[in-house]
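work.tsv follows; it contains TSV, C-alpha atoms and all ligand atoms.
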```
chain	number	residue	atom	x	y	z
B	1	MET	CA	8.27	14.93	-22.09
B	2	SER	CA	8.50	18.64	-21.55
B	3	ALA	CA	5.37	20.74	-21.47
B	4	ASP	CA	7.02	22.90	-24.15
B	5	THR	CA	6.82	20.13	-26.72
B	6	ASP	CA	3.86	20.49	-29.01
B	7	PRO	CA	2.33	17.04	-29.39
B	8	ALA	CA	0.67	18.22	-32.58
B	9	GLN	CA	3.99	18.68	-34.36
B	10	THR	CA	3.61	16.92	-37.65
B	11	LEU	CA	6.18	14.64	-39.20
B	12	GLU	CA	6.60	17.22	-41.95
B	13	SER	CA	7.34	20.06	-39.56
B	14	LEU	CA	10.09	18.05	-37.88
B	15	ALA	CA	11.21	16.18	-40.94
B	16	ASN	CA	14.92	15.52	-41.05
B	17	PRO	CA	16.77	15.70	-44.31
B	18	PRO	CA	17.10	12.18	-45.77
B	19	VAL	CA	18.76	9.96	-43.21
B	20	ASP	CA	21.89	8.18	-44.29
B	21	GLY	CA	21.71	4.47	-43.43
B	22	ARG	CA	24.95	4.77	-41.51
B	23	GLU	CA	23.65	7.45	-39.18
B	24	LEU	CA	23.14	6.09	-35.65
B	25	ILE	CA	22.53	9.22	-33.57
B	26	ARG	CA	20.87	12.40	-34.70
B	27	PHE	CA	20.05	15.55	-32.73
B	28	ASP	CA	17.76	17.87	-34.63
B	29	GLN	CA	17.21	21.41	-33.31
B	30	VAL	CA	17.46	20.19	-29.71
B	31	THR	CA	17.01	22.82	-27.02
B	32	LYS	CA	17.43	22.07	-23.32
B	33	ARG	CA	16.88	24.63	-20.60
B	34	PHE	CA	17.26	24.51	-16.86
B	35	GLY	CA	15.17	27.47	-15.69
B	36	ASP	CA	16.58	30.53	-17.45
B	37	ASN	CA	19.75	28.69	-18.41
B	38	THR	CA	19.59	27.55	-22.05
B	39	VAL	CA	22.17	24.78	-22.04
B	40	LEU	CA	21.59	23.43	-25.55
B	41	ASP	CA	20.36	25.85	-28.16
B	42	ARG	CA	18.79	24.32	-31.27
B	43	LEU	CA	21.60	21.81	-31.40
B	44	ASP	CA	22.12	19.77	-34.59
B	45	PHE	CA	24.64	16.98	-34.86
B	46	SER	CA	24.85	13.38	-35.95
B	47	VAL	CA	27.12	10.42	-35.38
B	48	ASP	CA	27.63	7.66	-37.94
B	49	SER	CA	27.54	4.03	-36.93
B	50	GLY	CA	30.88	2.66	-35.75
B	51	LYS	CA	32.47	6.07	-35.26
B	52	HIS	CA	34.15	7.28	-32.09
B	53	VAL	CA	33.24	10.86	-31.33
B	54	THR	CA	34.61	12.99	-28.49
B	55	LEU	CA	32.77	16.03	-27.15
B	56	ILE	CA	34.97	18.83	-25.84
B	57	GLY	CA	34.19	22.29	-24.55
B	58	PRO	CA	34.28	24.49	-21.48
B	59	SER	CA	32.72	23.41	-18.20
B	60	GLY	CA	28.97	23.90	-18.37
B	61	SER	CA	28.78	23.79	-22.17
B	62	GLY	CA	26.29	20.92	-22.05
B	63	LYS	CA	28.39	17.84	-22.86
B	64	THR	CA	27.03	15.71	-20.02
B	65	THR	CA	23.53	16.96	-20.75
B	66	ILE	CA	23.80	15.49	-24.26
B	67	LEU	CA	24.68	12.06	-22.85
B	68	ARG	CA	21.88	12.31	-20.28
B	69	LEU	CA	19.38	13.15	-23.02
B	70	LEU	CA	20.48	10.04	-24.92
B	71	MET	CA	20.01	7.93	-21.78
B	72	THR	CA	16.57	9.57	-21.30
B	73	LEU	CA	17.71	10.76	-17.88
B	74	ALA	CA	16.59	14.17	-19.15
B	75	THR	CA	14.21	15.22	-21.92
B	76	PRO	CA	14.63	18.02	-24.45
B	77	ASP	CA	12.39	21.07	-24.31
B	78	GLU	CA	12.33	21.27	-28.11
B	79	GLY	CA	13.60	19.28	-31.05
B	80	THR	CA	14.04	15.57	-31.68
B	81	ILE	CA	16.64	12.88	-31.07
B	82	LYS	CA	16.91	9.74	-33.18
B	83	VAL	CA	18.85	6.58	-32.36
B	84	GLY	CA	19.15	3.89	-35.00
B	85	GLY	CA	16.59	5.70	-37.15
B	86	GLU	CA	13.98	5.63	-34.36
B	87	TYR	CA	12.84	8.70	-32.50
B	88	LEU	CA	14.00	8.49	-28.89
B	89	THR	CA	11.83	11.27	-27.56
B	90	HIS	CA	8.81	10.87	-29.82
B	91	GLU	CA	6.90	8.15	-31.53
B	92	GLU	CA	5.01	8.23	-34.77
B	93	ARG	CA	1.28	7.62	-34.39
B	94	GLY	CA	-1.11	8.08	-37.26
B	95	GLY	CA	1.40	10.15	-39.22
B	96	ARG	CA	2.00	12.51	-36.31
B	97	LEU	CA	4.84	12.82	-33.82
B	98	VAL	CA	3.75	12.52	-30.22
B	99	PRO	CA	5.86	12.37	-27.05
B	100	ALA	CA	7.24	8.85	-26.69
B	101	GLY	CA	5.69	6.46	-24.19
B	102	GLU	CA	7.73	4.48	-21.68
B	103	LYS	CA	7.66	1.26	-23.70
B	104	HIS	CA	8.98	2.94	-26.84
B	105	VAL	CA	11.75	4.69	-24.88
B	106	ARG	CA	12.76	1.40	-23.21
B	107	GLU	CA	13.04	-0.32	-26.60
B	108	VAL	CA	15.18	2.40	-28.20
B	109	ARG	CA	17.31	2.75	-25.08
B	110	LYS	CA	18.32	-0.92	-25.21
B	111	ASN	CA	20.70	0.18	-27.95
B	112	ILE	CA	22.53	2.56	-25.64
B	113	GLY	CA	25.00	1.79	-22.85
B	114	MET	CA	26.53	4.35	-20.53
B	115	VAL	CA	29.51	4.40	-18.21
B	116	PHE	CA	29.37	7.11	-15.56
B	117	GLN	CA	32.08	8.99	-13.71
B	118	GLN	CA	31.07	7.36	-10.40
B	119	PHE	CA	30.79	3.72	-11.63
B	120	ASN	CA	27.19	3.35	-10.30
B	121	LEU	CA	27.56	-0.39	-9.68
B	122	PHE	CA	24.97	-2.18	-7.55
B	123	PRO	CA	26.79	-2.35	-4.18
B	124	ASN	CA	24.83	-5.34	-2.89
B	125	MET	CA	25.55	-7.52	-5.93
B	126	LYS	CA	28.74	-9.37	-6.71
B	127	VAL	CA	30.63	-8.56	-9.90
B	128	LEU	CA	29.02	-11.39	-11.89
B	129	ARG	CA	25.47	-10.37	-10.96
B	130	ASN	CA	26.22	-6.70	-11.65
B	131	ILE	CA	26.94	-7.74	-15.23
B	132	THR	CA	24.21	-10.37	-15.71
B	133	GLU	CA	21.32	-8.53	-14.06
B	134	ALA	CA	20.16	-6.38	-17.00
B	135	PRO	CA	20.74	-8.97	-19.74
B	136	VAL	CA	18.52	-11.39	-17.77
B	137	THR	CA	15.81	-8.95	-16.65
B	138	VAL	CA	15.72	-6.61	-19.65
B	139	LEU	CA	16.85	-8.77	-22.59
B	140	GLY	CA	15.46	-12.05	-21.26
B	141	LEU	CA	18.71	-14.02	-21.55
B	142	SER	CA	18.91	-17.25	-19.57
B	143	ALA	CA	21.17	-17.18	-16.50
B	144	ASP	CA	23.66	-19.45	-18.31
B	145	GLU	CA	23.79	-17.28	-21.43
B	146	ALA	CA	24.20	-14.14	-19.37
B	147	GLU	CA	26.98	-15.71	-17.29
B	148	GLN	CA	28.86	-16.84	-20.39
B	149	ARG	CA	28.61	-13.32	-21.82
B	150	ALA	CA	29.77	-11.86	-18.49
B	151	ARG	CA	32.78	-14.18	-18.32
B	152	GLU	CA	33.88	-13.18	-21.83
B	153	LEU	CA	33.57	-9.51	-20.93
B	154	LEU	CA	35.42	-9.93	-17.63
B	155	GLU	CA	38.26	-11.46	-19.59
B	156	LEU	CA	38.20	-8.49	-21.97
B	157	VAL	CA	38.49	-6.03	-19.06
B	158	GLY	CA	41.03	-8.21	-17.21
B	159	LEU	CA	38.96	-9.04	-14.13
B	160	THR	CA	38.17	-12.75	-14.40
B	161	GLU	CA	39.58	-13.49	-10.95
B	162	HIS	CA	37.31	-10.90	-9.31
B	163	ILE	CA	34.02	-12.38	-10.47
B	164	ASP	CA	32.90	-13.29	-6.92
B	165	LYS	CA	33.75	-10.02	-5.22
B	166	TYR	CA	31.54	-7.14	-4.22
B	167	PRO	CA	32.27	-3.70	-5.73
B	168	SER	CA	33.55	-2.43	-2.36
B	169	GLN	CA	36.32	-5.06	-2.50
B	170	LEU	CA	37.68	-3.61	-5.76
B	171	SER	CA	39.76	-0.53	-6.57
B	172	GLY	CA	38.09	2.37	-8.38
B	173	GLY	CA	39.79	1.36	-11.62
B	174	GLN	CA	38.55	-2.22	-11.27
B	175	GLN	CA	35.03	-1.01	-10.47
B	176	GLN	CA	35.07	1.15	-13.56
B	177	ARG	CA	36.18	-1.81	-15.67
B	178	VAL	CA	33.23	-3.80	-14.27
B	179	ALA	CA	30.98	-0.89	-15.22
B	180	ILE	CA	32.34	-1.04	-18.77
B	181	ALA	CA	31.69	-4.80	-18.91
B	182	ARG	CA	28.19	-4.23	-17.55
B	183	ALA	CA	27.40	-1.67	-20.24
B	184	LEU	CA	28.75	-3.94	-22.99
B	185	ALA	CA	26.78	-6.95	-21.71
B	186	MET	CA	23.65	-5.37	-23.16
B	187	ARG	CA	25.35	-5.41	-26.60
B	188	PRO	CA	24.47	-1.77	-27.19
B	189	GLN	CA	25.06	-0.12	-30.54
B	190	VAL	CA	26.43	2.93	-28.81
B	191	LEU	CA	28.55	3.35	-25.71
B	192	LEU	CA	28.38	6.68	-23.88
B	193	LEU	CA	31.40	7.51	-21.74
B	194	ASP	CA	31.05	10.41	-19.31
B	195	GLU	CA	34.42	11.42	-17.87
B	196	VAL	CA	34.95	7.83	-16.84
B	197	THR	CA	38.41	8.41	-15.33
B	198	SER	CA	37.68	11.66	-13.46
B	199	ALA	CA	36.97	9.95	-10.13
B	200	LEU	CA	40.05	7.69	-10.27
B	201	ASP	CA	43.40	7.99	-8.56
B	202	PRO	CA	45.96	8.93	-11.24
B	203	GLU	CA	47.68	5.53	-11.17
B	204	LEU	CA	44.41	3.77	-12.05
B	205	VAL	CA	43.56	5.90	-15.08
B	206	ALA	CA	45.81	4.15	-17.62
B	207	GLY	CA	44.30	0.69	-17.00
B	208	VAL	CA	40.78	1.93	-17.72
B	209	LEU	CA	41.83	3.91	-20.80
B	210	ASP	CA	43.75	0.88	-22.15
B	211	VAL	CA	40.59	-1.25	-21.90
B	212	LEU	CA	38.62	1.42	-23.77
B	213	ARG	CA	41.32	1.74	-26.42
B	214	ASP	CA	41.07	-2.04	-26.93
B	215	ILE	CA	37.30	-1.87	-27.26
B	216	ALA	CA	37.56	1.01	-29.72
B	217	ARG	CA	40.11	-0.90	-31.79
B	218	THR	CA	38.56	-4.37	-31.75
B	219	THR	CA	34.78	-3.79	-31.84
B	220	ASP	CA	32.49	-1.89	-34.18
B	221	ILE	CA	30.66	-0.19	-31.32
B	222	THR	CA	29.89	3.50	-31.73
B	223	MET	CA	31.35	5.65	-28.95
B	224	LEU	CA	30.32	9.08	-27.74
B	225	CYS	CA	32.80	10.26	-25.21
B	226	VAL	CA	33.20	13.20	-22.84
B	227	THR	CA	36.71	13.29	-21.44
B	228	HIS	CA	39.42	15.58	-20.18
B	229	GLU	CA	42.00	13.02	-21.29
B	230	MET	CA	43.01	14.68	-24.54
B	231	GLY	CA	45.68	12.05	-25.35
B	232	PHE	CA	43.03	9.36	-25.16
B	233	ALA	CA	40.63	11.47	-27.25
B	234	ARG	CA	43.34	11.90	-29.86
B	235	ASP	CA	43.99	8.13	-29.91
B	236	ILE	CA	40.45	6.84	-30.26
B	237	SER	CA	38.44	9.58	-31.95
B	238	ASP	CA	37.38	9.72	-35.55
B	239	GLN	CA	35.83	13.08	-34.87
B	240	VAL	CA	36.02	15.76	-32.19
B	241	LEU	CA	33.11	18.17	-31.61
B	242	MET	CA	33.79	21.48	-29.86
B	243	PHE	CA	30.80	22.86	-27.91
B	244	ASP	CA	30.23	26.40	-26.82
B	245	SER	CA	27.07	28.30	-25.89
B	246	GLY	CA	24.85	25.30	-26.56
B	247	ARG	CA	26.04	24.64	-30.11
B	248	VAL	CA	28.76	22.75	-31.95
B	249	ILE	CA	31.08	25.55	-33.02
B	250	GLU	CA	33.68	23.39	-34.75
B	251	SER	CA	34.27	19.75	-35.59
B	252	GLY	CA	36.91	17.71	-37.33
B	253	PRO	CA	39.34	14.82	-37.04
B	254	PRO	CA	41.52	14.96	-33.90
B	255	GLU	CA	44.76	15.62	-35.79
B	256	LYS	CA	43.22	18.82	-37.20
B	257	MET	CA	41.25	19.87	-34.09
B	258	PHE	CA	44.15	19.44	-31.66
B	259	SER	CA	46.87	20.98	-33.79
B	260	ASP	CA	45.22	23.49	-36.10
B	261	PRO	CA	41.66	24.42	-35.06
B	262	GLU	CA	39.84	27.09	-37.07
B	263	GLN	CA	38.02	28.85	-34.24
B	264	GLU	CA	39.67	31.18	-31.75
B	265	ARG	CA	37.38	29.78	-29.03
B	266	THR	CA	38.61	26.23	-29.71
B	267	ARG	CA	42.24	27.41	-29.64
B	268	GLU	CA	41.68	29.16	-26.30
B	269	PHE	CA	39.98	26.09	-24.80
B	270	LEU	CA	42.65	23.68	-26.00
B	271	SER	CA	45.55	25.86	-24.89
B	272	ALA	CA	44.09	25.69	-21.36
B	273	VAL	CA	43.68	21.89	-21.30
B	274	LEU	CA	46.46	20.46	-23.48
M	1	LIG	N1	19.65	18.95	-13.27
M	1	LIG	C1	20.07	20.20	-13.48
M	1	LIG	N2	19.46	21.26	-12.95
M	1	LIG	C2	19.86	22.52	-13.17
M	1	LIG	N3	20.92	22.85	-13.95
M	1	LIG	C3	21.59	21.83	-14.51
M	1	LIG	C4	21.22	20.45	-14.32
M	1	LIG	N4	22.07	19.68	-15.02
M	1	LIG	C5	22.94	20.50	-15.62
M	1	LIG	N5	22.66	21.79	-15.32
M	1	LIG	C6	23.38	22.97	-15.81
M	1	LIG	O1	23.53	22.82	-17.22
M	1	LIG	C7	24.78	23.34	-17.65
M	1	LIG	C8	25.48	22.26	-18.46
M	1	LIG	O2	25.86	21.19	-17.61
M	1	LIG	P1	26.66	19.93	-18.15
M	1	LIG	O3	26.95	19.08	-16.97
M	1	LIG	O4	25.93	19.33	-19.29
M	1	LIG	O5	27.98	20.62	-18.70
M	1	LIG	P2	29.37	19.96	-19.11
M	1	LIG	O6	29.76	20.59	-20.40
M	1	LIG	O7	29.26	18.48	-19.09
M	1	LIG	O8	30.31	20.50	-17.94
M	1	LIG	P3	31.58	19.81	-17.21
M	1	LIG	O9	32.68	19.76	-18.23
M	1	LIG	O10	31.88	20.75	-16.08
M	1	LIG	O11	31.14	18.45	-16.73
M	1	LIG	C9	25.51	23.79	-16.41
M	1	LIG	O12	25.33	25.18	-16.29
M	1	LIG	C10	24.80	23.06	-15.28
M	1	LIG	O13	24.86	23.79	-14.10
```
Kindly present the structure from the file in structure tokens form.
Ligand SMILES: Nc1ncnc2c1ncn2[C@@H]1O[C@H](COP(=O)(O)OP(=O)(O)OP(=O)(O)O)[C@@H](O)[C@H]1O
Amino acid sequence: MSADTDPAQTLESLANPPVDGRELIRFDQVTKRFGDNTVLDRLDFSVDSGKHVTLIGPSGSGKTTILRLLMTLATPDEGTIKVGGEYLTHEERGGRLVPAGEKHVREVRKNIGMVFQQFNLFPNMKVLRNITEAPVTVLGLSADEAEQRARELLELVGLTEHIDKYPSQLSGGQQQRVAIARALAMRPQVLLLDEVTSALDPELVAGVLDVLRDIARTTDITMLCVTHEMGFARDISDQVLMFDSGRVIESGPPEKMFSDPEQERTREFLSAVL
């Protein structure tokens, strides 16, 4: 937890407005700085359960930082983040909010899966073990249960015949599909996707996006997605959030955001990327 966070903040002083039962993610006045660079500036936004939300905005506007905060790979300097109604960055003790301990963070984070640009598979483990490792060690599944879950997911991502290979024996697109299966094996409530096709050769992009479209269509998982693939964003998103200068400057359904945005800044950004 950042030294800037006042552990004496009371629940009242950070109280959110009443939380809707459907709300899965909530950022409340979140500020994140790197040195003098204020990347997120008192950011407020929320994502309802089951929704697919895409974050867009210029390079450096803080989209990846938001996903990293949710994965607790970074911590906010100010403000609070809630996942599933639980504070991610704080815990309530004796009616006060204090910086969250490791155990609390681990529990809340079980609800969150992330797929990275660079796959991040374990190179020394075969595909099956890449997928079963966390369900066994973190969730306590038996090896048999974890393998059954992995086999179902490998079928979903079209890789059943590669179960006994090492990541280095697969194409980038196949590795990324293993990474998607690995994230889903934890049965997270929310799946974070950080430019998951950016490192792929162009001919491998469609296969990965098709798998994600399927997941978006057939599961009730909540998705928070950073992508430069605007066609994909248009297909899967319920809501698009446009970031600039550390804030959400505009949001709306993709049909409105991509064809008739309100803000000049959004229009400029989209005309450069569409
Ligand atoms: N660990 C870090 N140390 C210092 N600065 C960082 C760090 N991580 C991110 N930043 C800075 O924070 C800003 C936001 O970065 P971030 O990666 O979140 O932006 P982004 O919107 O995802 O950009 P892009 O679309 O280019 O991926 C950038 O100015 C970046 O240089």
- prompt: Around (37.2, 15.1, -26.5) in the file's own coordinates, what residues are found within 7 Å if you use only C-alpha atoms, given back as a VMD selection string?
  reply: chain B and resid 54 to 56 225 to 228 230 233 240
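Around Gly79 in chain B, within 6 Å and counting only C-alpha atoms, the residues found are Asp28, Gln29 and Val30 of chain B, once anything fewer than 3 positions away on its own chain is removed.
Here CA of Arg247 in chain B and CA of Asp41 in chain B stand 6.1 Å from one another.
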query: Taking all atoms listed in the file into account, which residues are within 12 Å of ligand LIG 1 (chain M), as a PyMOL selection string?
result: chain B and resi 31-41+55-69+73-75+116-117+193-196+198+225-229+241-248+269+273
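Atom to atom, CA of Leu153 in chain B and CA of Ala181 in chain B stand 5.5 Å apart.
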- request: Point out the residue among B:Gln174, B:Thr219, B:Glu78, B:Val211 with the least atom-to-atom distance to Glu161 in chain B, counting all atoms listed in the file.
  value: B:Gln174
task: Give me the residues within 10 Å of Val83 in chain B as number ranges by chain, counting only C-alpha atoms and dropping any in the same chain fewer than 6 places off.
output: B: 23-27, 46-47, 70, 89, 108-109, 111-112, 189-190
Using only C-alpha atoms, which residues sit within 12 Å of range 171-173 of chain B once same-chain residues fewer than 2 positions away are excluded, as a JSON list (two decimals) with C-alpha atoms, in the coordinates of the input?
```
[["chain", "number", "residue", "atom", "x", "y", "z"],
["B", 117, "GLN", "CA", 32.08, 8.99, -13.71],
["B", 118, "GLN", "CA", 31.07, 7.36, -10.40],
["B", 119, "PHE", "CA", 30.79, 3.72, -11.63],
["B", 120, "ASN", "CA", 27.19, 3.35, -10.30],
["B", 121, "LEU", "CA", 27.56, -0.39, -9.68],
["B", 157, "VAL", "CA", 38.49, -6.03, -19.06],
["B", 158, "GLY", "CA", 41.03, -8.21, -17.21],
["B", 159, "LEU", "CA", 38.96, -9.04, -14.13],
["B", 162, "HIS", "CA", 37.31, -10.90, -9.31],
["B", 165, "LYS", "CA", 33.75, -10.02, -5.22],
["B", 166, "TYR", "CA", 31.54, -7.14, -4.22],
["B", 167, "PRO", "CA", 32.27, -3.70, -5.73],
["B", 168, "SER", "CA", 33.55, -2.43, -2.36],
["B", 169, "GLN", "CA", 36.32, -5.06, -2.50],
["B", 175, "GLN", "CA", 35.03, -1.01, -10.47],
["B", 176, "GLN", "CA", 35.07, 1.15, -13.56],
["B", 177, "ARG", "CA", 36.18, -1.81, -15.67],
["B", 178, "VAL", "CA", 33.23, -3.80, -14.27],
["B", 179, "ALA", "CA", 30.98, -0.89, -15.22],
["B", 180, "ILE", "CA", 32.34, -1.04, -18.77],
["B", 196, "VAL", "CA", 34.95, 7.83, -16.84],
["B", 197, "THR", "CA", 38.41, 8.41, -15.33],
["B", 198, "SER", "CA", 37.68, 11.66, -13.46],
["B", 199, "ALA", "CA", 36.97, 9.95, -10.13],
["B", 200, "LEU", "CA", 40.05, 7.69, -10.27],
["B", 201, "ASP", "CA", 43.40, 7.99, -8.56],
["B", 202, "PRO", "CA", 45.96, 8.93, -11.24],
["B", 203, "GLU", "CA", 47.68, 5.53, -11.17],
["B", 204, "LEU", "CA", 44.41, 3.77, -12.05],
["B", 205, "VAL", "CA", 43.56, 5.90, -15.08],
["B", 206, "ALA", "CA", 45.81, 4.15, -17.62],
["B", 207, "GLY", "CA", 44.30, 0.69, -17.00],
["B", 208, "VAL", "CA", 40.78, 1.93, -17.72],
["B", 209, "LEU", "CA", 41.83, 3.91, -20.80],
["B", 210, "ASP", "CA", 43.75, 0.88, -22.15],
["B", 211, "VAL", "CA", 40.59, -1.25, -21.90]]
```
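Omitting Glu133 in chain B and its sequence neighbours fewer than 3 positions away, and counting only C-alpha atoms, the residues within 12 Å are Leu121, Phe122, Met125, Lys126, Val127, Leu128, Arg129, Asn130, Val136, Thr137, Val138, Leu139, Gly140, Leu141, Ser142, Ala143, Asp144, Glu145, Ala146, Glu147, Arg149, Ala150, Arg182, Ala183, Ala185 and Met186 of chain B.
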task: Name the closest residue to Asp220 in chain B among the candidates B:Arg93, B:Leu43, B:Pro188, B:Gly50; distances are taken between atoms, counting all atoms listed in the file.
output: B:Gly50
task: Write out as a PyMOL selection string each polymer residue whose atoms come within 12 Å of Pro261 in chain B, counting only C-alpha atoms; drop sequence neighbours fewer than 3 positions from it.
output: chain B and resi 240-242+249-258+264-271
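Between CA of Asp260 in chain B and CA of Ala216 in chain B the separation is 24.6 Å.
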- request: For each of B:His52, B:Phe45, B:Ala272, B:Leu170, take the minimum atom-to-atom distance to Ile236 in chain B, counting only C-alpha atoms, then give the residue where this is smallest.
  value: B:His52
Let me have the centre and edge lengths in Å, one decimal, of the box along x, y and z around every listed atom of range 172-183 of chain B with 6 Å of margin on each side, as AutoDock Vina command-line options.
```
--center_x 33.6 --center_y -1.2 --center_z -14.3 --size_x 24.4 --size_y 19.2 --size_z 23.9
```
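Comparing the minimum interatomic distances between Gly113 in chain B and each of B:Ser259, B:Pro76, B:Ala134, B:Gly231, counting all atoms listed in the file, we find that B:Ala134 sits nearest.
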field: Pick from B:Met223, B:Gly84, B:His90, B:Gln148, whichever lies nearest to Gln239 in chain B using all atoms listed in the file
entry: B:Met223
message: From the options B:Asp44, B:Leu184, B:Lys51, B:Gln263, which residue's atoms come nearest to Ser237 in chain B, counting only C-alpha atoms?
response: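 Of all the options, B:Lys51 lies closest to Ser237 in chain B.
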Please rebuild range 125-136 of chain B with N, CA and C atoms and give the result as an mmCIF file, keeping the file's coordinate frame.
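out.cif was written with the following content:
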```cif
data_model
loop_
_atom_site.group_PDB
_atom_site.id
_atom_site.type_symbol
_atom_site.label_atom_id
_atom_site.label_comp_id
_atom_site.auth_asym_id
_atom_site.auth_seq_id
_atom_site.Cartn_x
_atom_site.Cartn_y
_atom_site.Cartn_z
ATOM 1 N N MET B 125 25.411 -6.385 -5.011
ATOM 2 C CA MET B 125 25.550 -7.520 -5.930
ATOM 3 C C MET B 125 27.019 -7.768 -6.227
ATOM 4 N N LYS B 126 27.369 -9.043 -6.330
ATOM 5 C CA LYS B 126 28.740 -9.370 -6.710
ATOM 6 C C LYS B 126 28.969 -8.968 -8.177
ATOM 7 N N VAL B 127 30.248 -9.003 -8.558
ATOM 8 C CA VAL B 127 30.630 -8.560 -9.900
ATOM 9 C C VAL B 127 29.813 -9.293 -10.978
ATOM 10 N N LEU B 128 29.719 -10.615 -10.863
ATOM 11 C CA LEU B 128 29.020 -11.390 -11.890
ATOM 12 C C LEU B 128 27.574 -10.904 -12.040
ATOM 13 N N ARG B 129 26.887 -10.754 -10.917
ATOM 14 C CA ARG B 129 25.470 -10.370 -10.960
ATOM 15 C C ARG B 129 25.303 -8.934 -11.461
ATOM 16 N N ASN B 130 26.280 -8.058 -11.112
ATOM 17 C CA ASN B 130 26.220 -6.700 -11.650
ATOM 18 C C ASN B 130 26.138 -6.737 -13.177
ATOM 19 N N ILE B 131 26.869 -7.693 -13.763
ATOM 20 C CA ILE B 131 26.940 -7.740 -15.230
ATOM 21 C C ILE B 131 25.753 -8.509 -15.831
ATOM 22 N N THR B 132 25.269 -9.531 -15.125
ATOM 23 C CA THR B 132 24.210 -10.370 -15.710
ATOM 24 C C THR B 132 22.803 -9.823 -15.478
ATOM 25 N N GLU B 133 22.663 -8.956 -14.484
ATOM 26 C CA GLU B 133 21.320 -8.530 -14.060
ATOM 27 C C GLU B 133 20.464 -7.992 -15.234
ATOM 28 N N ALA B 134 20.985 -6.987 -15.937
ATOM 29 C CA ALA B 134 20.160 -6.380 -17.000
ATOM 30 C C ALA B 134 19.961 -7.318 -18.194
ATOM 31 N N PRO B 135 20.998 -8.045 -18.638
ATOM 32 C CA PRO B 135 20.740 -8.970 -19.740
ATOM 33 C C PRO B 135 19.644 -9.996 -19.418
ATOM 34 N N VAL B 136 19.560 -10.426 -18.152
ATOM 35 C CA VAL B 136 18.520 -11.390 -17.770
ATOM 36 C C VAL B 136 17.156 -10.678 -17.665
#
```
